[in-house]
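Structure data follow from input25.txt (compact mmCIF, N, CA, C and O atoms):
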```
# COMPACT_ATOMS: atom_id res chain seq x y z
N MET A 1 -0.62 1.88 -6.10
CA MET A 1 -1.92 1.53 -5.62
C MET A 1 -1.91 0.18 -4.91
O MET A 1 -2.39 0.06 -3.81
N LEU A 2 -1.35 -0.81 -5.57
CA LEU A 2 -1.26 -2.13 -4.94
C LEU A 2 -0.21 -2.16 -3.84
O LEU A 2 -0.44 -2.74 -2.79
N LEU A 3 0.91 -1.54 -4.13
CA LEU A 3 2.03 -1.54 -3.19
C LEU A 3 2.27 -0.13 -2.66
O LEU A 3 1.92 0.85 -3.31
N PRO A 4 2.89 0.00 -1.49
CA PRO A 4 3.21 1.33 -0.98
C PRO A 4 4.15 2.07 -1.93
O PRO A 4 4.95 1.46 -2.64
N SER A 5 4.02 3.38 -1.96
CA SER A 5 4.88 4.21 -2.79
C SER A 5 5.02 5.57 -2.11
O SER A 5 4.56 5.76 -0.98
N LYS A 6 5.63 6.52 -2.80
CA LYS A 6 5.75 7.86 -2.24
C LYS A 6 4.37 8.47 -2.04
O LYS A 6 4.15 9.24 -1.11
N ALA A 7 3.41 8.11 -2.88
CA ALA A 7 2.08 8.70 -2.82
C ALA A 7 1.11 7.90 -1.96
O ALA A 7 0.09 8.42 -1.53
N ILE A 8 1.42 6.62 -1.71
CA ILE A 8 0.50 5.76 -0.95
C ILE A 8 1.24 5.18 0.25
O ILE A 8 2.24 4.47 0.10
N ALA A 9 0.72 5.49 1.43
CA ALA A 9 1.34 5.01 2.67
C ALA A 9 1.23 3.48 2.77
O ALA A 9 0.33 2.88 2.19
N ALA A 10 2.13 2.90 3.53
CA ALA A 10 2.16 1.44 3.66
C ALA A 10 0.85 0.88 4.20
O ALA A 10 0.40 -0.17 3.75
N ASP A 11 0.20 1.57 5.13
CA ASP A 11 -1.03 1.04 5.70
C ASP A 11 -2.25 1.29 4.81
O ASP A 11 -3.33 0.82 5.11
N GLN A 12 -2.07 2.01 3.69
CA GLN A 12 -3.17 2.27 2.78
C GLN A 12 -3.04 1.54 1.45
O GLN A 12 -3.97 1.55 0.66
N ALA A 13 -1.90 0.92 1.19
CA ALA A 13 -1.73 0.18 -0.06
C ALA A 13 -2.73 -0.98 -0.08
O ALA A 13 -3.06 -1.56 0.95
N LEU A 14 -3.25 -1.29 -1.25
CA LEU A 14 -4.26 -2.34 -1.36
C LEU A 14 -3.76 -3.68 -0.83
O LEU A 14 -4.53 -4.43 -0.24
N ILE A 15 -2.50 -3.97 -1.00
CA ILE A 15 -1.96 -5.24 -0.50
C ILE A 15 -2.00 -5.25 1.03
O ILE A 15 -2.30 -6.28 1.65
N SER A 16 -1.75 -4.11 1.67
CA SER A 16 -1.81 -4.00 3.12
C SER A 16 -3.23 -4.07 3.63
O SER A 16 -3.52 -4.80 4.60
N VAL A 17 -4.13 -3.35 2.99
CA VAL A 17 -5.53 -3.38 3.40
C VAL A 17 -6.09 -4.79 3.18
O VAL A 17 -6.82 -5.31 4.03
N GLY A 18 -5.70 -5.44 2.08
CA GLY A 18 -6.13 -6.82 1.84
C GLY A 18 -5.67 -7.76 2.94
O GLY A 18 -6.42 -8.62 3.40
N ALA A 19 -4.44 -7.58 3.39
CA ALA A 19 -3.93 -8.41 4.49
C ALA A 19 -4.72 -8.15 5.77
O ALA A 19 -5.03 -9.08 6.51
N GLN A 20 -5.07 -6.89 6.01
CA GLN A 20 -5.87 -6.55 7.17
C GLN A 20 -7.25 -7.18 7.07
O GLN A 20 -7.80 -7.66 8.07
N VAL A 21 -7.82 -7.20 5.87
CA VAL A 21 -9.12 -7.84 5.65
C VAL A 21 -9.03 -9.33 5.95
O VAL A 21 -9.89 -9.90 6.63
N LEU A 22 -7.98 -9.97 5.47
CA LEU A 22 -7.82 -11.42 5.71
C LEU A 22 -7.75 -11.72 7.20
O LEU A 22 -8.25 -12.77 7.65
N LEU A 23 -7.16 -10.83 7.97
CA LEU A 23 -7.11 -11.03 9.43
C LEU A 23 -8.51 -11.03 10.04
O LEU A 23 -8.75 -11.68 11.05
N GLN A 24 -9.43 -10.31 9.41
CA GLN A 24 -10.80 -10.25 9.92
C GLN A 24 -11.62 -11.47 9.53
O GLN A 24 -12.71 -11.69 10.05
N LEU A 25 -11.11 -12.27 8.63
CA LEU A 25 -11.85 -13.43 8.14
C LEU A 25 -11.48 -14.71 8.87
O LEU A 25 -11.44 -15.79 8.29
N ASP A 26 -11.21 -14.59 10.17
CA ASP A 26 -11.01 -15.78 10.99
C ASP A 26 -12.34 -16.54 11.10
O ASP A 26 -12.37 -17.71 11.44
N ARG A 27 -13.42 -15.84 10.79
CA ARG A 27 -14.74 -16.44 10.69
C ARG A 27 -15.46 -15.73 9.55
O ARG A 27 -15.17 -14.56 9.27
N PRO A 28 -16.37 -16.41 8.87
CA PRO A 28 -17.08 -15.77 7.76
C PRO A 28 -17.88 -14.56 8.22
O PRO A 28 -18.25 -14.45 9.40
N GLY A 29 -18.13 -13.66 7.29
CA GLY A 29 -18.94 -12.49 7.61
C GLY A 29 -19.43 -11.80 6.36
O GLY A 29 -18.85 -11.95 5.29
N THR A 30 -20.52 -11.07 6.50
CA THR A 30 -21.00 -10.28 5.38
C THR A 30 -19.99 -9.17 5.09
O THR A 30 -19.13 -8.87 5.92
N VAL A 31 -20.13 -8.57 3.93
CA VAL A 31 -19.22 -7.48 3.57
C VAL A 31 -19.30 -6.37 4.62
O VAL A 31 -18.28 -5.88 5.09
N SER A 32 -20.50 -6.01 5.03
CA SER A 32 -20.63 -4.94 6.02
C SER A 32 -20.06 -5.34 7.38
O SER A 32 -19.48 -4.52 8.09
N ALA A 33 -20.21 -6.61 7.77
CA ALA A 33 -19.64 -7.07 9.04
C ALA A 33 -18.12 -7.04 9.00
O ALA A 33 -17.47 -6.62 9.97
N VAL A 34 -17.53 -7.45 7.89
CA VAL A 34 -16.07 -7.42 7.75
C VAL A 34 -15.57 -5.98 7.74
O VAL A 34 -14.54 -5.67 8.34
N TRP A 35 -16.31 -5.09 7.08
CA TRP A 35 -15.97 -3.67 7.06
C TRP A 35 -15.94 -3.13 8.50
O TRP A 35 -14.99 -2.46 8.89
N THR A 36 -16.96 -3.45 9.28
CA THR A 36 -17.03 -2.99 10.67
C THR A 36 -15.88 -3.56 11.50
O THR A 36 -15.22 -2.85 12.25
N ARG A 37 -15.61 -4.87 11.33
CA ARG A 37 -14.50 -5.50 12.06
C ARG A 37 -13.17 -4.83 11.72
O ARG A 37 -12.33 -4.60 12.60
N LEU A 38 -13.00 -4.53 10.43
CA LEU A 38 -11.75 -3.92 9.99
C LEU A 38 -11.58 -2.54 10.60
O LEU A 38 -10.49 -2.20 11.09
N LEU A 39 -12.62 -1.72 10.59
CA LEU A 39 -12.52 -0.39 11.18
C LEU A 39 -12.21 -0.47 12.67
O LEU A 39 -11.39 0.31 13.18
N GLU A 40 -12.84 -1.40 13.37
CA GLU A 40 -12.57 -1.58 14.81
C GLU A 40 -11.14 -2.03 15.03
O GLU A 40 -10.45 -1.56 15.94
N TRP A 41 -10.67 -2.96 14.21
CA TRP A 41 -9.31 -3.48 14.31
C TRP A 41 -8.29 -2.35 14.11
O TRP A 41 -7.34 -2.22 14.87
N ARG A 42 -8.53 -1.53 13.09
CA ARG A 42 -7.62 -0.41 12.81
C ARG A 42 -7.64 0.61 13.95
O ARG A 42 -6.60 1.15 14.32
N GLU A 43 -8.81 0.86 14.52
CA GLU A 43 -8.92 1.80 15.62
C GLU A 43 -8.17 1.29 16.86
O GLU A 43 -7.48 2.05 17.54
N GLN A 44 -8.30 0.00 17.14
CA GLN A 44 -7.61 -0.60 18.30
C GLN A 44 -6.10 -0.48 18.17
O GLN A 44 -5.39 -0.44 19.17
N ARG A 45 -5.61 -0.43 16.95
CA ARG A 45 -4.16 -0.35 16.70
C ARG A 45 -3.71 1.07 16.38
O ARG A 45 -2.59 1.28 15.93
N ASN A 46 -4.60 2.02 16.58
CA ASN A 46 -4.29 3.44 16.34
C ASN A 46 -3.81 3.72 14.93
O ASN A 46 -2.93 4.56 14.72
N ILE A 47 -4.37 3.03 13.97
CA ILE A 47 -4.09 3.31 12.56
C ILE A 47 -5.04 4.44 12.17
O ILE A 47 -6.24 4.22 12.00
N ARG A 48 -4.52 5.63 12.08
CA ARG A 48 -5.35 6.82 11.94
C ARG A 48 -5.63 7.22 10.49
O ARG A 48 -6.47 8.07 10.26
N SER A 49 -4.94 6.65 9.53
CA SER A 49 -5.18 7.03 8.14
C SER A 49 -6.61 6.65 7.75
O SER A 49 -7.13 5.62 8.18
N SER A 50 -7.22 7.50 6.97
CA SER A 50 -8.61 7.23 6.58
C SER A 50 -8.67 6.04 5.63
O SER A 50 -7.75 5.80 4.85
N LEU A 51 -9.76 5.33 5.73
CA LEU A 51 -9.99 4.19 4.85
C LEU A 51 -11.44 4.27 4.36
O LEU A 51 -12.35 3.82 5.04
N PRO A 52 -11.63 4.86 3.19
CA PRO A 52 -12.99 4.93 2.67
C PRO A 52 -13.48 3.56 2.23
O PRO A 52 -12.69 2.66 1.91
N PHE A 53 -14.79 3.40 2.23
CA PHE A 53 -15.38 2.11 1.87
C PHE A 53 -14.97 1.68 0.47
O PHE A 53 -14.71 0.49 0.24
N TRP A 54 -14.88 2.61 -0.46
CA TRP A 54 -14.53 2.24 -1.83
C TRP A 54 -13.12 1.65 -1.90
O TRP A 54 -12.85 0.77 -2.72
N TRP A 55 -12.20 2.09 -1.03
CA TRP A 55 -10.84 1.53 -1.01
C TRP A 55 -10.87 0.11 -0.43
O TRP A 55 -10.19 -0.78 -0.91
N PHE A 56 -11.70 -0.07 0.60
CA PHE A 56 -11.94 -1.41 1.15
C PHE A 56 -12.49 -2.33 0.06
O PHE A 56 -12.05 -3.46 -0.10
N ALA A 57 -13.45 -1.82 -0.73
CA ALA A 57 -14.03 -2.61 -1.82
C ALA A 57 -12.96 -2.97 -2.87
O ALA A 57 -12.96 -4.09 -3.38
N LEU A 58 -12.07 -2.04 -3.16
CA LEU A 58 -10.98 -2.36 -4.09
C LEU A 58 -10.06 -3.44 -3.53
O LEU A 58 -9.57 -4.30 -4.27
N SER A 59 -9.84 -3.42 -2.22
CA SER A 59 -9.01 -4.47 -1.62
C SER A 59 -9.71 -5.82 -1.74
O SER A 59 -9.06 -6.84 -1.98
N LEU A 60 -11.05 -5.83 -1.59
CA LEU A 60 -11.80 -7.08 -1.80
C LEU A 60 -11.67 -7.55 -3.24
O LEU A 60 -11.50 -8.75 -3.49
N ASP A 61 -11.75 -6.62 -4.20
CA ASP A 61 -11.56 -6.98 -5.60
C ASP A 61 -10.20 -7.63 -5.81
O ASP A 61 -10.07 -8.63 -6.53
N THR A 62 -9.17 -7.05 -5.19
CA THR A 62 -7.82 -7.60 -5.30
C THR A 62 -7.76 -9.01 -4.72
O THR A 62 -7.19 -9.92 -5.33
N LEU A 63 -8.38 -9.20 -3.55
CA LEU A 63 -8.38 -10.52 -2.91
C LEU A 63 -9.14 -11.55 -3.75
O LEU A 63 -8.72 -12.70 -3.87
N PHE A 64 -10.26 -11.13 -4.35
CA PHE A 64 -10.99 -12.03 -5.25
C PHE A 64 -10.14 -12.38 -6.46
O PHE A 64 -10.10 -13.54 -6.89
N ALA A 65 -9.46 -11.38 -7.02
CA ALA A 65 -8.65 -11.58 -8.22
C ALA A 65 -7.52 -12.58 -8.00
O ALA A 65 -7.18 -13.34 -8.91
N ILE A 66 -6.95 -12.58 -6.80
CA ILE A 66 -5.85 -13.51 -6.55
C ILE A 66 -6.34 -14.82 -5.92
O ILE A 66 -5.55 -15.68 -5.57
N GLY A 67 -7.66 -14.93 -5.76
CA GLY A 67 -8.23 -16.18 -5.25
C GLY A 67 -8.09 -16.36 -3.76
O GLY A 67 -8.12 -17.49 -3.27
N ALA A 68 -7.97 -15.27 -3.01
CA ALA A 68 -7.77 -15.38 -1.56
C ALA A 68 -9.08 -15.40 -0.77
O ALA A 68 -9.10 -15.86 0.36
N VAL A 69 -10.16 -14.89 -1.37
CA VAL A 69 -11.46 -14.88 -0.69
C VAL A 69 -12.55 -15.36 -1.65
O VAL A 69 -12.39 -15.31 -2.88
N GLU A 70 -13.63 -15.83 -1.05
CA GLU A 70 -14.80 -16.28 -1.81
C GLU A 70 -16.04 -15.74 -1.13
O GLU A 70 -16.00 -15.36 0.04
N LEU A 71 -17.14 -15.75 -1.85
CA LEU A 71 -18.42 -15.35 -1.30
C LEU A 71 -19.34 -16.55 -1.34
O LEU A 71 -19.60 -17.11 -2.41
N HIS A 72 -19.79 -17.00 -0.17
CA HIS A 72 -20.69 -18.15 -0.06
C HIS A 72 -21.90 -17.74 0.76
O HIS A 72 -21.75 -17.30 1.91
N ASN A 73 -23.08 -17.90 0.18
CA ASN A 73 -24.33 -17.57 0.89
C ASN A 73 -24.30 -16.17 1.50
O ASN A 73 -24.75 -15.97 2.63
N GLY A 74 -23.74 -15.22 0.77
CA GLY A 74 -23.72 -13.84 1.23
C GLY A 74 -22.64 -13.51 2.23
O GLY A 74 -22.61 -12.40 2.77
N GLU A 75 -21.74 -14.45 2.51
CA GLU A 75 -20.67 -14.21 3.48
C GLU A 75 -19.30 -14.40 2.84
O GLU A 75 -19.09 -15.33 2.06
N LEU A 76 -18.40 -13.51 3.19
CA LEU A 76 -17.01 -13.63 2.75
C LEU A 76 -16.31 -14.69 3.56
O LEU A 76 -16.49 -14.78 4.78
N THR A 77 -15.51 -15.50 2.89
CA THR A 77 -14.68 -16.49 3.57
C THR A 77 -13.31 -16.50 2.92
O THR A 77 -13.15 -16.11 1.77
N ARG A 78 -12.33 -16.93 3.70
CA ARG A 78 -11.00 -17.16 3.12
C ARG A 78 -11.07 -18.39 2.23
O ARG A 78 -11.77 -19.34 2.56
N THR A 79 -10.32 -18.38 1.17
CA THR A 79 -10.25 -19.55 0.29
C THR A 79 -9.41 -20.61 0.96
O THR A 79 -8.33 -20.34 1.48
N ARG A 80 -9.93 -21.79 0.99
CA ARG A 80 -9.17 -22.92 1.57
C ARG A 80 -8.51 -23.67 0.42
O ARG A 80 -9.16 -24.09 -0.51
N ARG A 81 -7.21 -23.82 0.54
CA ARG A 81 -6.44 -24.52 -0.50
C ARG A 81 -5.69 -25.67 0.12
O ARG A 81 -5.14 -25.56 1.20
N ALA A 82 -5.69 -26.77 -0.59
CA ALA A 82 -4.94 -27.93 -0.12
C ALA A 82 -3.44 -27.66 -0.28
O ALA A 82 -3.01 -27.07 -1.27
N ALA A 83 -2.67 -28.08 0.69
CA ALA A 83 -1.22 -27.86 0.65
C ALA A 83 -0.55 -28.90 -0.21
O ALA A 83 -0.99 -29.94 -0.46
```
Any chance you could give the structure as structure tokens?
Amino acid sequence: MLLPSKAIAADQALISVGAQVLLQLDRPGTVSAVWTRLLEWREQRNIRSSLPFWWFALSLDTLFAIGAVELHNGELTRTRRAA
């Protein structure tokens, strides 16, 4: 589920979808705006595998769990960490 396997394609693994979500967070956005950006991004790259909203939501859960994203004033943002 988190990583690609025989049953889960590389572009559908939660770690891959999470990385794709992070690419959409070059600017903050609502969950629905990020969802729309992600679908457009995948379409532009001819990624044809289906991505249901609930799988996108699981990828957000994963990103929250590892501290990669935050929710501020209703918008998702990447977590900023000092180096």
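Interatomic distance, atom N of Ser49 (chain A) against atom O of Thr30 (chain A): 21.3 Å.
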Exercise. Contacts of region 8-19 of chain A at 8 Å or less, counting all atoms listed in the file, minus same-chain residues fewer than 5 places along, as a list in words?
Worked result: Met1, Leu2, Leu3, Gln24, Leu25, Leu38, Ile47, Ser49, Ser50, Leu51, Trp55, Phe56, Leu58, Ser59, Leu60, Thr62 and Leu63 of chain A
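All residues of chain A that DSSP, run on the backbone, classes as strand (DSSP E or B) are Gly29, Val69, Glu70, Leu71, His72, Glu75, Leu76, Thr77 and Arg78 of chain A.
Relative to atom O of Pro28 (chain A), atom C of Leu76 (chain A) is found at 6.2 Å.
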Exercise. Hey, can you check how far CA of Val21 (chain A) sits from CA of Leu39 (chain A)?
Worked result: 9.9 Å
Within 5 Å of region 67-69 of chain A, counting all atoms listed in the file, which residues qualify if same-chain residues fewer than 5 places away don't, as a tab-separated table (two decimals) with N, CA, C and O atoms, in the coordinates of the input?
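Output (out05.tsv):
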```tsv
chain	number	residue	atom	x	y	z
A	77	THR	N	-15.51	-15.50	2.89
A	77	THR	CA	-14.68	-16.49	3.57
A	77	THR	C	-13.31	-16.50	2.92
A	77	THR	O	-13.15	-16.11	1.77
A	78	ARG	N	-12.33	-16.93	3.70
A	78	ARG	CA	-11.00	-17.16	3.12
A	78	ARG	C	-11.07	-18.39	2.23
A	78	ARG	O	-11.77	-19.34	2.56
A	79	THR	N	-10.32	-18.38	1.17
A	79	THR	CA	-10.25	-19.55	0.29
A	79	THR	C	-9.41	-20.61	0.96
A	79	THR	O	-8.33	-20.34	1.48
```
Provide an axis-aligned box for all listed atoms of region 9-16 of chain A, padding each side by 6 Å; report its centre and its edge lengths in Å to one decimal, as lines of an AutoDock Vina configuration file.
```
center_x = -1.2
center_y = -0.4
center_z = 2.2
size_x = 18.7
size_y = 23.8
size_z = 19.1
```
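Ranking A:Ser5, A:Gln44, A:Ser32, A:Gln20 by their shortest atom-to-atom distance to Gly74 (chain A), with only N, CA, C and O atoms included, puts A:Ser32 first.
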